[in-house]
>>> print(open('entry.cif').read())   # mmCIF, C-alpha atoms and all ligand atoms
data_coords
#
loop_
_atom_site.label_atom_id
_atom_site.label_comp_id
_atom_site.auth_asym_id
_atom_site.auth_seq_id
_atom_site.Cartn_x
_atom_site.Cartn_y
_atom_site.Cartn_z
CA MET A 1 -11.43 29.98 14.89
CA LEU A 2 -11.26 26.21 14.89
CA ASN A 3 -11.03 24.46 11.54
CA LEU A 4 -11.09 20.71 11.81
CA VAL A 5 -10.62 18.15 9.07
CA LEU A 6 -12.25 14.88 10.02
CA PHE A 7 -10.59 12.18 8.01
CA GLY A 8 -11.21 8.50 7.46
CA PRO A 9 -12.34 5.82 5.02
CA PRO A 10 -15.99 5.32 3.97
CA GLY A 11 -17.93 4.20 7.02
CA ALA A 12 -15.37 5.45 9.56
CA GLY A 13 -18.04 7.44 11.40
CA LYS A 14 -17.18 10.95 10.23
CA GLY A 15 -20.82 11.94 9.81
CA THR A 16 -21.88 10.62 13.22
CA GLN A 17 -19.03 12.29 15.06
CA SER A 18 -19.43 15.54 13.09
CA GLU A 19 -23.02 15.86 14.28
CA LYS A 20 -21.89 15.58 17.88
CA LEU A 21 -18.97 17.96 17.44
CA ILE A 22 -20.93 20.75 15.76
CA SER A 23 -23.32 21.03 18.69
CA LYS A 24 -20.56 20.92 21.30
CA TYR A 25 -18.21 23.40 19.61
CA ASN A 26 -20.72 25.44 17.62
CA LEU A 27 -19.01 24.77 14.30
CA VAL A 28 -20.35 24.71 10.76
CA HIS A 29 -20.38 21.20 9.30
CA ILE A 30 -19.44 20.90 5.64
CA SER A 31 -19.80 17.41 4.21
CA THR A 32 -19.03 17.38 0.49
CA GLY A 33 -20.83 14.01 0.21
CA ASP A 34 -24.00 15.52 1.72
CA LEU A 35 -23.71 18.56 -0.54
CA PHE A 36 -23.35 16.44 -3.65
CA ARG A 37 -26.28 14.25 -2.63
CA ALA A 38 -28.43 17.36 -2.08
CA HIS A 39 -27.54 18.59 -5.57
CA VAL A 40 -28.45 15.21 -7.07
CA LYS A 41 -31.74 15.14 -5.20
CA GLY A 42 -32.54 18.74 -6.15
CA GLN A 43 -31.66 17.96 -9.76
CA THR A 44 -29.48 21.04 -10.07
CA GLU A 45 -27.08 21.40 -12.96
CA LEU A 46 -24.23 20.28 -10.71
CA GLY A 47 -26.36 17.38 -9.50
CA ARG A 48 -26.88 16.17 -13.05
CA ARG A 49 -23.15 16.39 -13.72
CA VAL A 50 -22.13 14.35 -10.69
CA SER A 51 -24.93 11.87 -10.19
CA GLN A 52 -23.36 9.04 -12.20
CA ILE A 53 -19.94 9.64 -10.63
CA LEU A 54 -21.44 9.33 -7.14
CA ALA A 55 -23.46 6.26 -8.05
CA ASP A 56 -20.28 4.62 -9.35
CA GLY A 57 -18.33 5.43 -6.19
CA GLN A 58 -15.74 7.51 -8.04
CA LEU A 59 -14.36 10.85 -6.98
CA VAL A 60 -15.86 14.00 -8.45
CA PRO A 61 -13.17 16.04 -10.30
CA ASP A 62 -11.15 18.32 -8.02
CA SER A 63 -12.10 21.56 -9.79
CA VAL A 64 -15.82 20.88 -9.30
CA THR A 65 -15.44 19.78 -5.69
CA ILE A 66 -13.18 22.66 -4.69
CA ALA A 67 -15.51 25.25 -6.25
CA MET A 68 -18.51 23.79 -4.41
CA LEU A 69 -16.62 23.69 -1.09
CA GLU A 70 -15.42 27.29 -1.34
CA GLU A 71 -18.90 28.46 -2.21
CA GLU A 72 -20.21 26.73 0.91
CA VAL A 73 -17.57 28.22 3.22
CA VAL A 74 -18.28 31.80 2.14
CA LYS A 75 -21.94 31.30 3.07
CA SER A 76 -20.94 31.36 6.76
CA PRO A 77 -18.75 34.46 7.17
CA GLY A 78 -19.27 34.72 10.93
CA ALA A 79 -18.59 31.05 11.74
CA ASN A 80 -16.70 29.97 14.85
CA GLY A 81 -15.02 27.42 12.64
CA PHE A 82 -15.71 24.53 10.31
CA ILE A 83 -15.66 20.77 10.32
CA PHE A 84 -14.61 19.51 6.92
CA ASP A 85 -16.03 16.03 6.48
CA GLY A 86 -15.15 14.10 3.31
CA PHE A 87 -12.93 16.94 2.13
CA PRO A 88 -10.07 17.09 1.21
CA ARG A 89 -9.94 13.69 -0.50
CA THR A 90 -6.94 14.40 -2.75
CA VAL A 91 -3.68 16.29 -2.26
CA PRO A 92 -4.69 19.02 -4.76
CA GLN A 93 -7.89 19.51 -2.73
CA ALA A 94 -5.81 19.84 0.45
CA GLN A 95 -3.54 22.40 -1.20
CA ALA A 96 -6.52 24.34 -2.53
CA LEU A 97 -8.10 24.40 0.93
CA ASP A 98 -4.88 25.68 2.49
CA ASN A 99 -4.58 28.46 -0.08
CA PHE A 100 -8.23 29.37 0.24
CA LEU A 101 -8.00 29.64 4.04
CA ILE A 102 -4.74 31.62 3.88
CA ASP A 103 -6.51 34.14 1.65
CA LYS A 104 -9.14 34.46 4.36
CA GLY A 105 -6.47 34.96 7.05
CA SER A 106 -7.26 31.54 8.47
CA LYS A 107 -5.88 27.98 8.45
CA ILE A 108 -6.57 24.35 9.28
CA THR A 109 -6.20 23.92 13.04
CA VAL A 110 -6.05 20.13 13.26
CA VAL A 111 -6.70 17.01 11.22
CA ILE A 112 -8.10 14.00 13.03
CA ALA A 113 -8.08 10.64 11.27
CA LEU A 114 -10.46 7.93 12.45
CA ASP A 115 -8.73 4.59 12.09
CA VAL A 116 -11.01 1.63 11.39
CA ASP A 117 -9.97 -1.69 9.87
CA GLN A 118 -11.38 -3.00 6.61
CA ALA A 119 -13.49 -5.83 8.07
CA GLU A 120 -15.29 -3.47 10.43
CA LEU A 121 -15.88 -0.95 7.61
CA ASN A 122 -17.48 -3.54 5.36
CA GLN A 123 -19.79 -4.61 8.12
CA ARG A 124 -20.83 -1.05 9.00
CA ILE A 125 -21.58 -0.07 5.42
CA ALA A 126 -23.58 -3.23 4.79
CA GLU A 127 -25.72 -2.24 7.79
CA ARG A 128 -25.99 1.36 6.60
CA HIS A 129 -27.05 0.28 3.12
CA LYS A 130 -30.12 -1.41 4.58
CA ILE A 131 -31.24 1.85 6.21
CA SER A 132 -29.95 4.61 3.93
CA GLY A 133 -30.55 2.86 0.64
CA ARG A 134 -27.56 4.82 -0.69
CA VAL A 135 -26.85 3.32 -4.08
CA ASP A 136 -23.11 3.79 -3.55
CA ASP A 137 -23.27 1.59 -0.44
CA ALA A 138 -23.97 -1.51 -2.55
CA ALA A 139 -21.08 -3.99 -2.39
CA ASP A 140 -19.44 -3.34 -5.77
CA LYS A 141 -19.71 0.46 -5.50
CA LEU A 142 -18.47 0.34 -1.96
CA GLN A 143 -15.41 -1.53 -3.13
CA LYS A 144 -14.81 1.26 -5.64
CA ARG A 145 -15.05 3.90 -2.89
CA VAL A 146 -12.66 1.98 -0.69
CA ASP A 147 -10.26 1.65 -3.66
CA GLU A 148 -10.50 5.40 -4.29
CA TYR A 149 -9.72 5.96 -0.63
CA PHE A 150 -6.61 3.79 -0.63
CA SER A 151 -5.34 4.96 -4.03
CA LYS A 152 -5.98 8.72 -3.77
CA THR A 153 -7.26 9.90 -0.42
CA ILE A 154 -4.72 8.16 1.80
CA HIS A 155 -2.01 10.49 0.39
CA VAL A 156 -3.66 13.40 2.15
CA LEU A 157 -2.44 11.99 5.48
CA PRO A 158 1.33 12.53 4.89
CA TYR A 159 0.49 15.98 3.51
CA TYR A 160 -0.92 17.02 6.90
CA ASP A 161 1.58 14.96 8.86
CA GLU A 162 4.39 17.02 7.32
CA GLN A 163 2.58 20.12 8.59
CA ARG A 164 2.45 18.49 12.06
CA LYS A 165 -1.33 18.75 12.06
CA LEU A 166 -2.31 15.10 12.04
CA THR A 167 -3.65 13.11 14.99
CA ARG A 168 -4.93 9.55 14.61
CA ILE A 169 -7.70 8.15 16.76
CA ASN A 170 -9.08 4.65 17.04
CA GLY A 171 -12.45 4.77 15.27
CA LYS A 172 -13.53 1.36 16.51
CA GLY A 173 -15.55 1.12 19.69
CA GLU A 174 -18.37 3.00 21.40
CA ILE A 175 -19.55 6.23 19.73
CA GLU A 176 -19.31 8.08 23.06
CA GLU A 177 -15.81 6.82 23.73
CA ILE A 178 -14.61 7.93 20.29
CA PHE A 179 -16.32 11.29 20.79
CA LYS A 180 -14.52 11.75 24.12
CA ASN A 181 -11.18 11.02 22.47
CA LEU A 182 -11.94 13.48 19.68
CA CYS A 183 -12.85 16.19 22.19
CA ALA A 184 -9.64 15.59 24.11
CA VAL A 185 -7.65 16.35 20.96
CA ILE A 186 -9.75 19.39 20.02
CA ASP A 187 -9.62 20.84 23.53
CA LYS A 188 -5.84 21.16 23.21
CA TYR A 189 -6.50 23.89 20.66
P1 LIG A 201 -18.51 8.19 2.54
O1 LIG A 201 -19.72 7.74 3.24
O2 LIG A 201 -17.92 7.19 1.64
O3 LIG A 201 -17.51 8.85 3.42
P2 LIG A 201 -19.31 10.71 1.32
O4 LIG A 201 -20.71 10.92 1.72
O5 LIG A 201 -18.27 11.54 1.99
O6 LIG A 201 -18.98 9.18 1.43
O7 LIG A 201 -19.15 10.93 -0.28
C1 LIG A 201 -19.97 10.27 -1.20
C2 LIG A 201 -19.48 10.48 -2.61
O8 LIG A 201 -19.44 11.88 -2.94
C3 LIG A 201 -18.05 10.01 -2.91
O9 LIG A 201 -18.00 8.63 -3.19
C4 LIG A 201 -17.70 10.87 -4.12
O10 LIG A 201 -18.32 10.42 -5.29
C5 LIG A 201 -18.33 12.20 -3.76
N1 LIG A 201 -17.40 13.07 -2.98
C6 LIG A 201 -17.59 13.48 -1.69
N2 LIG A 201 -16.57 14.26 -1.29
C7 LIG A 201 -15.71 14.33 -2.34
C8 LIG A 201 -14.45 14.96 -2.54
N3 LIG A 201 -13.88 15.69 -1.56
N4 LIG A 201 -13.84 14.81 -3.75
C9 LIG A 201 -14.41 14.11 -4.72
N5 LIG A 201 -15.58 13.47 -4.60
C10 LIG A 201 -16.24 13.57 -3.43
#
>>> encode(input="entry.cif", output="structure tokens")
Amino acid sequence: MLNLVLFGPPGAGKGTQSEKLISKYNLVHISTGDLFRAHVKGQTELGRRVSQILADGQLVPDSVTIAMLEEEVVKSPGANGFIFDGFPRTVPQAQALDNFLIDKGSKITVVIALDVDQAELNQRIAERHKISGRVDDAADKLQKRVDEYFSKTIHVLPYYDEQRKLTRINGKGEIEEIFKNLCAVIDKY
């Protein structure tokens, strides 16, 4: 089983690379952002609870996010492995994921962080906003998401580094080149 955490700030390219990785390695892609957006769109009870939080670019409370993630993982009992995209975003989420996987006799195989500088991120998300129309891609909300990343999510990196599971990759450049570098890391496992 291969369980990959794809890590990086908003706009780092996690979604794009995940799509390529799932077809190559036959993994199940779990994006908590996509899941939340589907709940909002479907106007589920969870969707109603989180819609304003998402629109504001804040993090959904850990308990809610962890419960949703675990529910999604158990839907694919026979999976080859998972790509966790946008999760964990806090240290308590990382700890919860570890404990959850241990209970299942599994673990995180590797964590790959896509490194992209701030100027490039701003440019990418401005472009994406034009196409996606995501309300949280608007400039002020984006700033909030970037702030959340640097105040809360960044602390997940030392958590995995201490477990010797972290590899950093340059997330700037050609999509294919980044994909090749990602595969080179994954193929070691
Ligand atoms: P990005 O494009 O910024 O990487 P995502 O699509 O991963 O964004 O997430 C969009 C929004 O969904 C976040 O701003 C946050 O409100 C919520 N969200 C997604 N994943 C998590 C998480 N692991 N913990 C808390 N909130 C989350």
>>> residues_near_ligand(input="entry.cif", ligand="ligand LIG 201 (chain A)", cutoff="6 Å", atoms="all atoms listed in the file", output="PyMOL selection string")
chain A and resi 10-11+32-34+53-54+57-60+65+86-89+145
>>> residues_around(input="entry.cif", residues="His29 in chain A", least_positions_apart="3", cutoff="10 Å", atoms="only C-alpha atoms", output="PyMOL selection string")
chain A and resi 4+15+18-19+21-23+26+32+73+81-85
>>> write_last_selection(input="entry.cif", atoms="C-alpha atoms", output="JSON list (two decimals), in the frame of the given file")
[["chain", "number", "residue", "atom", "x", "y", "z"],
["A", 4, "LEU", "CA", -11.09, 20.71, 11.81],
["A", 15, "GLY", "CA", -20.82, 11.94, 9.81],
["A", 18, "SER", "CA", -19.43, 15.54, 13.09],
["A", 19, "GLU", "CA", -23.02, 15.86, 14.28],
["A", 21, "LEU", "CA", -18.97, 17.96, 17.44],
["A", 22, "ILE", "CA", -20.93, 20.75, 15.76],
["A", 23, "SER", "CA", -23.32, 21.03, 18.69],
["A", 26, "ASN", "CA", -20.72, 25.44, 17.62],
["A", 32, "THR", "CA", -19.03, 17.38, 0.49],
["A", 73, "VAL", "CA", -17.57, 28.22, 3.22],
["A", 81, "GLY", "CA", -15.02, 27.42, 12.64],
["A", 82, "PHE", "CA", -15.71, 24.53, 10.31],
["A", 83, "ILE", "CA", -15.66, 20.77, 10.32],
["A", 84, "PHE", "CA", -14.61, 19.51, 6.92],
["A", 85, "ASP", "CA", -16.03, 16.03, 6.48]]
>>> residues_around(input="entry.cif", residues="Arg124 in chain A", least_positions_apart="5", cutoff="12 Å", atoms="all atoms listed in the file", output="number ranges by chain")
A: 9-13, 116-119, 129-132, 137-139, 142, 171-172
>>> atom_distance(input="entry.cif", atom1="CA of Lys20 in chain A", atom2="CA of Asp103 in chain A")
29.1 Å
>>> atom_distance(input="entry.cif", atom1="CA of Tyr189 in chain A", atom2="CA of Val110 in chain A")
8.3 Å
>>> atom_distance(input="entry.cif", atom1="CA of Ala55 in chain A", atom2="CA of Glu120 in chain A")
22.4 Å
>>> closest_residue(input="entry.cif", among="A:Gly42, A:Val156, A:Met1, A:Val185", to="Gly105 in chain A", atoms="only C-alpha atoms")
A:Met1
>>> residues_around(input="entry.cif", residues="Lys165 in chain A", least_positions_apart="4", cutoff="12 Å", atoms="only C-alpha atoms", output="list of chain:residue names")
A:Asn3, A:Leu4, A:Val5, A:Leu6, A:Lys107, A:Ile108, A:Thr109, A:Val110, A:Val111, A:Ile112, A:Ala113, A:Val156, A:Leu157, A:Pro158, A:Tyr159, A:Tyr160, A:Asp161, A:Val185, A:Ile186, A:Tyr189
>>> closest_residue(input="entry.cif", among="A:Ser31, A:Thr44, A:Gln17, A:Asn170", to="Leu69 in chain A", atoms="all atoms listed in the file")
A:Ser31
>>> closest_residue(input="entry.cif", among="A:Gly173, A:Pro77, A:Gly133, A:Pro92", to="His155 in chain A", atoms="only C-alpha atoms")
A:Pro92
>>> closest_residue(input="entry.cif", among="A:Val135, A:Ala94, A:Ile125, A:Ala184", to="Lys152 in chain A", atoms="only C-alpha atoms")
A:Ala94
>>> closest_residue(input="entry.cif", among="A:Ile178, A:Val50, A:Leu97, A:Val40", to="Ala67 in chain A", atoms="all atoms listed in the file")
A:Leu97
>>> axis_aligned_box(input="entry.cif", around="range 166-180 of chain A", padding_each_side="6 Å", output="lines of an AutoDock Vina configuration file")
center_x = -10.9
center_y = 8.1
center_z = 18.1
size_x = 29.2
size_y = 26.0
size_z = 24.1
>>> residues_around(input="entry.cif", residues="Lys144 in chain A", least_positions_apart="3", cutoff="8 Å", atoms="all atoms listed in the file", output="PyMOL selection string")
chain A and resi 56-58+140-141+147-148
>>> write_last_selection(input="entry.cif", atoms="C-alpha atoms", output="PDB file, keeping the file's coordinate frame")
ATOM      1  CA  ASP A  56     -20.280   4.620  -9.350  1.00  0.00           C
ATOM      2  CA  GLY A  57     -18.330   5.430  -6.190  1.00  0.00           C
ATOM      3  CA  GLN A  58     -15.740   7.510  -8.040  1.00  0.00           C
ATOM      4  CA  ASP A 140     -19.440  -3.340  -5.770  1.00  0.00           C
ATOM      5  CA  LYS A 141     -19.710   0.460  -5.500  1.00  0.00           C
ATOM      6  CA  ASP A 147     -10.260   1.650  -3.660  1.00  0.00           C
ATOM      7  CA  GLU A 148     -10.500   5.400  -4.290  1.00  0.00           C
TER       8      GLU A 148
END
